[in-house]
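Next comes query_32.txt, with compact mmCIF, C-alpha atoms and all ligand atoms.
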# COMPACT_ATOMS: atom_id res chain seq x y z
CA MET A 75 72.33 136.13 161.48
CA LYS A 76 71.08 138.01 164.54
CA VAL A 77 67.41 137.55 165.45
CA ILE A 78 66.32 140.67 167.32
CA ARG A 79 62.96 141.32 168.96
CA THR A 80 63.40 144.59 170.85
CA ILE A 81 63.92 148.17 169.71
CA PRO A 82 66.97 148.89 171.95
CA GLU A 83 68.72 145.74 170.69
CA MET A 84 67.97 146.71 167.09
CA ARG A 85 69.45 150.18 167.66
CA GLU A 86 72.55 148.63 169.23
CA ALA A 87 73.00 146.21 166.29
CA ARG A 88 72.69 149.10 163.84
CA GLN A 89 75.34 151.10 165.67
CA ALA A 90 77.72 148.16 165.44
CA MET A 91 77.36 148.00 161.63
CA SER A 92 80.02 149.67 159.56
CA GLY A 93 79.27 150.88 156.04
CA PRO A 94 75.86 151.33 154.41
CA ALA A 95 72.88 149.33 155.65
CA GLY A 96 70.01 148.17 153.44
CA PHE A 97 66.57 147.48 154.88
CA VAL A 98 63.73 145.29 153.63
CA PRO A 99 60.49 145.71 155.61
CA THR A 100 58.16 142.71 155.28
CA MET A 101 55.09 141.16 156.85
CA GLY A 102 56.68 137.70 156.64
CA TYR A 103 55.48 134.51 154.94
CA LEU A 104 58.38 135.14 152.64
CA HIS A 105 58.70 134.10 149.00
CA GLU A 106 61.16 134.58 146.14
CA GLY A 107 59.88 138.13 145.63
CA HIS A 108 61.06 139.10 149.14
CA LEU A 109 64.36 137.35 148.52
CA SER A 110 64.92 139.45 145.39
CA LEU A 111 64.57 142.56 147.63
CA VAL A 112 67.15 141.02 149.96
CA GLN A 113 69.47 140.32 147.02
CA GLY A 114 69.13 143.95 145.92
CA SER A 115 70.07 145.10 149.41
CA LYS A 116 73.03 142.72 149.65
CA ARG A 117 74.29 143.94 146.27
CA ASP A 118 74.24 147.60 147.34
CA ASN A 119 75.11 147.56 151.05
CA SER A 120 77.55 146.04 153.51
CA SER A 121 74.75 144.97 155.91
CA THR A 122 71.14 143.94 155.35
CA VAL A 123 68.32 144.12 157.88
CA VAL A 124 64.91 142.51 157.25
CA SER A 125 61.91 143.18 159.50
CA ILE A 126 58.95 140.86 159.92
CA PHE A 127 55.88 142.52 161.39
CA VAL A 128 52.26 141.95 160.40
CA ASN A 129 51.22 145.56 160.87
CA PRO A 130 47.66 145.71 162.29
CA THR A 131 47.11 149.38 161.41
CA GLN A 132 47.23 148.82 157.64
CA PHE A 133 44.37 146.29 157.72
CA GLY A 134 40.76 147.47 157.67
CA PRO A 135 38.07 145.82 159.84
CA LYS A 136 37.02 143.58 156.91
CA ASP A 137 40.61 142.78 155.85
CA ASP A 138 42.52 139.57 156.50
CA PHE A 139 44.71 140.57 159.50
CA ASN A 140 43.80 137.50 161.57
CA ARG A 141 44.17 135.01 158.76
CA TYR A 142 47.25 136.66 157.16
CA PRO A 143 49.70 133.75 156.73
CA ARG A 144 52.51 133.53 159.28
CA ASP A 145 55.48 131.11 159.56
CA GLU A 146 58.24 132.70 161.59
CA ARG A 147 60.51 129.65 161.73
CA ARG A 148 60.46 129.14 157.99
CA ASP A 149 61.01 132.87 157.37
CA ILE A 150 64.02 133.01 159.69
CA SER A 151 65.60 129.99 158.03
CA MET A 152 65.04 131.48 154.52
CA LEU A 153 66.65 134.76 155.61
CA GLU A 154 69.59 132.97 157.18
CA LYS A 155 70.18 131.07 153.93
CA ALA A 156 69.89 134.33 151.97
CA GLY A 157 72.75 135.83 154.01
CA VAL A 158 70.80 138.49 155.90
CA ASP A 159 72.68 140.08 158.82
CA VAL A 160 69.78 140.98 161.10
CA VAL A 161 66.12 139.96 161.22
CA PHE A 162 64.04 142.32 163.35
CA LEU A 163 60.75 140.98 164.75
CA PRO A 164 59.24 143.72 166.90
CA THR A 165 56.11 143.12 168.97
CA ALA A 166 52.82 144.96 168.39
CA VAL A 167 52.99 146.37 171.93
CA ASP A 168 56.43 147.87 171.28
CA MET A 169 55.40 149.35 167.94
CA TYR A 170 52.01 150.61 169.16
CA PRO A 171 52.23 151.09 172.92
CA SER A 172 49.10 152.15 174.74
CA GLY A 173 48.37 155.82 174.04
CA PHE A 174 50.07 155.72 170.61
CA ASN A 175 48.56 158.61 168.68
CA THR A 176 50.85 159.90 165.92
CA TRP A 177 50.24 159.05 162.28
CA VAL A 178 51.87 159.72 158.92
CA ASP A 179 49.31 160.61 156.28
CA VAL A 180 50.56 161.04 152.72
CA LEU A 181 47.79 162.95 150.98
CA GLY A 182 46.91 163.08 147.27
CA ILE A 183 48.25 159.85 145.77
CA THR A 184 46.66 157.81 148.58
CA GLU A 185 43.19 159.03 147.62
CA ARG A 186 43.07 156.75 144.57
CA LEU A 187 43.24 153.02 143.74
CA GLU A 188 44.23 151.00 146.85
CA GLY A 189 43.74 154.06 149.06
CA LEU A 190 40.15 154.39 147.88
CA ALA A 191 39.45 150.66 148.13
CA ARG A 192 41.13 150.29 151.55
CA PRO A 193 40.60 153.48 153.60
CA GLY A 194 43.36 154.02 156.18
CA HIS A 195 45.62 151.39 154.58
CA PHE A 196 48.38 153.78 153.50
CA ARG A 197 48.25 155.70 156.77
CA GLY A 198 49.14 152.41 158.48
CA VAL A 199 51.84 151.61 155.90
CA ALA A 200 53.45 155.07 156.00
CA THR A 201 53.36 155.18 159.81
CA ILE A 202 54.92 151.75 160.34
CA CYS A 203 57.56 152.30 157.64
CA ASN A 204 58.50 155.65 159.19
CA LYS A 205 58.80 154.06 162.61
CA LEU A 206 60.87 151.15 161.28
CA PHE A 207 63.13 153.54 159.33
CA ASN A 208 63.69 155.56 162.53
CA ILE A 209 64.67 152.42 164.43
CA VAL A 210 66.80 150.69 161.78
CA LEU A 211 68.31 153.91 160.30
CA PRO A 212 68.96 152.37 156.87
CA ASP A 213 70.82 154.07 154.04
CA ARG A 214 68.64 152.31 151.47
CA VAL A 215 65.19 150.72 151.67
CA TYR A 216 63.86 148.15 149.19
CA PHE A 217 60.26 147.93 147.95
CA GLY A 218 58.69 145.78 145.22
CA GLN A 219 57.09 147.30 142.13
CA LYS A 220 54.20 144.89 142.58
CA ASP A 221 52.83 147.29 145.19
CA ALA A 222 53.31 150.26 142.86
CA GLN A 223 51.18 152.67 144.89
CA GLN A 224 52.89 151.69 148.15
CA LEU A 225 56.24 152.38 146.47
CA ALA A 226 54.98 155.80 145.30
CA VAL A 227 53.70 156.59 148.82
CA ILE A 228 57.04 155.67 150.44
CA LYS A 229 58.96 157.75 147.87
CA LYS A 230 56.68 160.74 148.50
CA MET A 231 56.95 160.37 152.28
CA ALA A 232 60.75 160.11 152.06
CA ALA A 233 60.91 163.26 149.92
CA ASP A 234 58.37 165.28 151.93
CA LEU A 235 59.85 164.36 155.33
CA ASN A 236 63.51 164.71 154.20
CA LEU A 237 64.31 161.12 155.16
CA LYS A 238 68.02 160.46 154.79
CA LEU A 239 67.69 157.29 152.73
CA ASP A 240 67.24 156.09 149.15
CA VAL A 241 64.09 154.21 148.16
CA VAL A 242 65.06 151.42 145.75
CA ALA A 243 62.36 149.87 143.49
CA VAL A 244 62.72 146.16 142.70
CA PRO A 245 60.89 144.55 139.71
CA THR A 246 57.99 142.19 140.36
CA LEU A 247 58.86 138.50 140.45
CA ARG A 248 56.35 136.24 138.70
CA GLU A 249 55.40 132.56 138.66
CA ALA A 250 55.76 130.65 135.37
CA ASP A 251 52.22 131.64 134.26
CA GLY A 252 52.85 135.30 135.11
CA LEU A 253 51.06 135.49 138.47
CA ALA A 254 52.89 138.05 140.62
CA MET A 255 54.43 136.46 143.72
CA SER A 256 52.52 137.37 146.86
CA SER A 257 52.05 135.90 150.33
CA ARG A 258 48.29 136.03 149.65
CA ASN A 259 48.62 133.55 146.75
CA SER A 260 48.69 130.89 149.49
CA TYR A 261 44.93 131.51 150.01
CA LEU A 262 44.10 130.25 146.49
CA ASN A 263 42.80 126.73 145.94
CA PRO A 264 44.04 124.93 142.78
CA LYS A 265 41.15 126.15 140.57
CA GLU A 266 41.53 129.71 141.84
CA ARG A 267 45.29 129.54 141.37
CA THR A 268 44.79 128.67 137.68
CA ALA A 269 42.18 131.43 137.30
CA ALA A 270 44.50 134.00 138.92
CA ALA A 271 46.76 133.99 135.87
CA VAL A 272 44.11 136.14 134.18
CA LEU A 273 45.50 139.23 135.94
CA TYR A 274 48.85 139.10 134.17
CA ARG A 275 47.28 137.96 130.89
CA SER A 276 45.11 141.07 130.93
CA LEU A 277 48.08 143.32 131.75
CA CYS A 278 49.99 141.77 128.82
CA LEU A 279 47.01 142.47 126.55
CA ALA A 280 47.09 146.12 127.64
CA GLY A 281 50.84 146.28 127.01
CA LYS A 282 50.41 144.78 123.55
CA MET A 283 47.61 147.17 122.61
CA ILE A 284 49.71 150.17 123.65
CA GLN A 285 52.75 148.84 121.81
CA GLU A 286 50.61 148.48 118.70
CA GLY A 287 49.60 152.14 118.93
CA GLU A 288 46.43 152.28 121.05
CA HIS A 289 46.27 155.66 122.84
CA SER A 290 42.77 155.56 124.31
CA ALA A 291 42.83 154.69 128.02
CA ASP A 292 39.13 153.76 127.81
CA SER A 293 39.81 151.18 125.08
CA ILE A 294 42.54 149.65 127.26
CA ARG A 295 40.25 149.60 130.32
CA ALA A 296 37.48 147.97 128.26
CA ALA A 297 39.76 145.28 126.80
CA VAL A 298 41.28 144.43 130.19
CA THR A 299 37.84 144.38 131.84
CA GLY A 300 36.45 142.12 129.09
CA LEU A 301 39.26 139.60 129.44
CA ILE A 302 38.97 139.42 133.23
CA GLU A 303 35.17 139.22 133.15
CA ALA A 304 35.43 136.14 130.93
CA GLU A 305 37.03 134.32 133.88
CA PRO A 306 34.11 133.07 136.04
CA LEU A 307 36.08 133.04 139.33
CA ALA A 308 37.27 136.64 138.92
CA LYS A 309 35.50 139.75 140.19
CA ILE A 310 37.01 143.13 139.32
CA GLU A 311 37.46 145.83 141.99
CA TYR A 312 39.21 148.27 139.69
CA VAL A 313 41.03 148.49 136.39
CA SER A 314 43.12 151.64 136.22
CA VAL A 315 45.12 153.33 133.48
CA ALA A 316 46.86 156.15 135.30
CA ASP A 317 49.78 158.53 135.25
CA THR A 318 52.81 156.74 136.78
CA VAL A 319 53.65 159.62 139.14
CA SER A 320 50.34 161.28 140.15
CA LEU A 321 48.31 158.05 139.74
CA LYS A 322 45.51 160.17 138.23
CA GLU A 323 43.42 158.34 135.63
CA LEU A 324 44.44 159.09 132.02
CA GLU A 325 42.19 159.74 129.04
CA GLU A 326 44.95 159.42 126.53
CA ILE A 327 48.20 157.46 126.83
CA ARG A 328 51.11 159.55 125.59
CA SER A 329 54.52 158.72 127.01
CA GLN A 330 53.81 156.56 130.06
CA ALA A 331 51.08 154.79 132.00
CA LEU A 332 50.62 152.56 135.02
CA ILE A 333 48.06 149.86 134.30
CA SER A 334 46.92 148.44 137.62
CA LEU A 335 44.28 146.01 138.80
CA ALA A 336 42.59 144.80 141.94
CA VAL A 337 40.67 141.59 141.34
CA ARG A 338 39.04 139.12 143.68
CA ILE A 339 39.62 135.48 142.78
CA GLY A 340 37.08 133.73 144.96
CA LYS A 341 37.56 135.45 148.32
CA THR A 342 41.19 136.41 147.70
CA ARG A 343 41.95 139.98 146.72
CA LEU A 344 44.94 140.22 144.35
CA ILE A 345 46.65 143.30 142.90
CA ASP A 346 49.08 143.61 140.03
CA ASN A 347 50.37 146.25 137.63
CA ILE A 348 52.71 147.02 134.77
CA ALA A 349 54.32 150.38 134.06
CA LEU A 350 54.67 151.29 130.40
CA SER A 351 56.73 153.97 128.82
O1 LIG B 1 54.46 145.44 151.67
C1 LIG B 1 54.38 145.02 152.85
O2 LIG B 1 54.65 143.87 153.14
C2 LIG B 1 53.95 146.00 153.94
O3 LIG B 1 53.01 146.90 153.47
C3 LIG B 1 55.13 146.72 154.61
C4 LIG B 1 55.87 147.59 153.65
C5 LIG B 1 56.09 145.69 155.21
C6 LIG B 1 54.61 147.60 155.75
O4 LIG B 1 53.96 146.86 156.73

Output the structure of this file as structure tokens.
Ligand code: PAF
Amino acid sequence: MKVIRTIPEMREARQAMSGPAGFVPTMGYLHEGHLSLVQGSKRDNSSTVVSIFVNPTQFGPKDDFNRYPRDERRDISMLEKAGVDVVFLPTAVDMYPSGFNTWVDVLGITERLEGLARPGHFRGVATICNKLFNIVLPDRVYFGQKDAQQLAVIKKMAADLNLKLDVVAVPTLREADGLAMSSRNSYLNPKERTAAAVLYRSLCLAGKMIQEGEHSADSIRAAVTGLIEAEPLAKIEYVSVADTVSLKELEEIRSQALISLAVRIGKTRLIDNIALS
């Protein structure tokens, strides 16, 4: 596996690849969820590139940029074992040189949910992904369904900007109690970790209600809210029952819905979702 830290070297490595290249952008502190993106890329492509870059522009002033977990050595060894061809670790100065002043803003779908709770977040995500795509020139890019809105933003950006690549969605990987895998789970102490399972339990309740014929989005929101509020360590930021494409809140569930949550467990902000059809 090549470990590359500069943009010219990354471009050179890409040119030397024959056949389709898959790309998995990450912020590191890898877990099984990232490795399932890698597996997807290895299945579909002859080469796989993974980037590790904790992107400062997608964190707000009150977000956890400084304490975001980092372990480069461990990440590189996991990627080597997973059979990745190239790991790209650009520097912040190379990605955002002094005078950098061009941004990618996907409007509409970023004005809700995470976009509302974290102003500027998706501008940072779309900008860094666009830059990485322009450097790596992948044929396919892999994103987890856990960050459903991020996935929707990347798909919209790829369509609107005519990017010559396919965006591949990979199902969320979960711990035994249903907690979605996330680098931020490492912030949870043992009591919080147990409490965090309430997110998936509440999503399952929503799924069950819909399966049993509930059509009212308000009834689903109320049931999910009630279950989470019964957990003393949990504090809800939002409970959303929205259209899977526009992410607009629904009144009535007909053929599909994205149920998504942002919940603080102690100081840790967790998100999760399920898409129902
Ligand atoms: O999902 C993430 O880890 C990040 O938002 C991404 C896509 C790597 C962009 O920094």

I need the residue nearest ligand LIG 1 (chain B) from this list: A:Leu253, A:Leu111, A:Val77, A:Val315. Use all atoms listed in the file for the distance.
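Checking each candidate against ligand LIG 1 (chain B), we get A:Leu111 as the closest.
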
Min atom-atom distance to Val112 of chain A from the set A:Val241, A:Ile345, A:Val98, A:Val319, counting only C-alpha atoms, belongs to A:Val98

Report as a PyMOL selection string which protein, DNA and RNA residues come within 10 Å of ligand LIG 1 (chain B), using only C-alpha atoms and all ligand atoms.
chain A and resi 98-104+108+124-133+195-196+198-204+206+216-218+220-221+224-225+228+256-257

Taking into account only C-alpha atoms, which residue in the set A:Leu344, A:Leu307, A:Leu187, A:Ile333 is nearest to Met255 of chain A?
A:Leu344

re atom CA of Glu249 of chain A and atom CA of Ile150 of chain A: distance 22.7 Å

Contact residues around Arg267 of chain A with all atoms listed in the file at 9 Å, ignoring same-chain residues under 6 positions, as number ranges by chain:
A: 253, 259-261, 339

Export of prior selection with C-alpha atoms as an mmCIF file, in the frame of the given file:
data_model
loop_
_atom_site.group_PDB
_atom_site.id
_atom_site.type_symbol
_atom_site.label_atom_id
_atom_site.label_comp_id
_atom_site.auth_asym_id
_atom_site.auth_seq_id
_atom_site.Cartn_x
_atom_site.Cartn_y
_atom_site.Cartn_z
ATOM 1 C CA LEU A 253 51.060 135.490 138.470
ATOM 2 C CA ASN A 259 48.620 133.550 146.750
ATOM 3 C CA SER A 260 48.690 130.890 149.490
ATOM 4 C CA TYR A 261 44.930 131.510 150.010
ATOM 5 C CA ILE A 339 39.620 135.480 142.780
#

Would you mind reading off the distance between atom CA of Gly107 of chain A and atom CA of Asp149 of chain A, one decimal, in Å?
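Rounded to one decimal, the two atoms are 12.9 Å apart.
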
Mind listing as an MDAnalysis selection string all residues within 10 Å of (50.4, 161.3, 142.4), counting all atoms listed in the file?
chainID A and resid 181:186 223 226:227 230 316:322

Smallest atom-to-atom distance to Met84 of chain A: which of A:Val210, A:Tyr312, A:Val178, A:Arg328, using only C-alpha atoms?
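Result for the nearest residue to Met84 of chain A: A:Val210.
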
Among the residues A:Ala250, A:Ile81, A:Val244, A:Leu109, the one that comes closest to Met169 of chain A [using all atoms listed in the file]
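Under the stated criterion, the closest residue is A:Ile81.
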
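Relative to atom CA of Val215 of chain A, atom CA of Val242 of chain A is found at 6.0 Å.
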
Counting all atoms listed in the file, the residue among A:Gly194, A:Pro82, A:Gly300, A:Gly281 that lies closest to Asp179 of chain A is A:Gly194

Centre and edge lengths of an axis-aligned box around all listed atoms of segment 284-290 of chain A, with 3 Å added on each side, are to be given in Å to one decimal, as JSON.
{"center_x": 47.8, "center_y": 152.1, "center_z": 121.5, "size_x": 16.0, "size_y": 13.2, "size_z": 11.6}

Find the residues around Glu305 of chain A up to 8 Å (all atoms listed in the file counted), leave out those fewer than 4 positions away in its own chain, and share them as a PDB file with C-alpha atoms, keeping the file's coordinate frame.
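Writing done, so here's out.pdb:
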ATOM      1  CA  ALA A 269      42.180 131.430 137.300  1.00  0.00           C
ATOM      2  CA  VAL A 272      44.110 136.140 134.180  1.00  0.00           C
ATOM      3  CA  LEU A 301      39.260 139.600 129.440  1.00  0.00           C
TER       4      LEU A 301
END
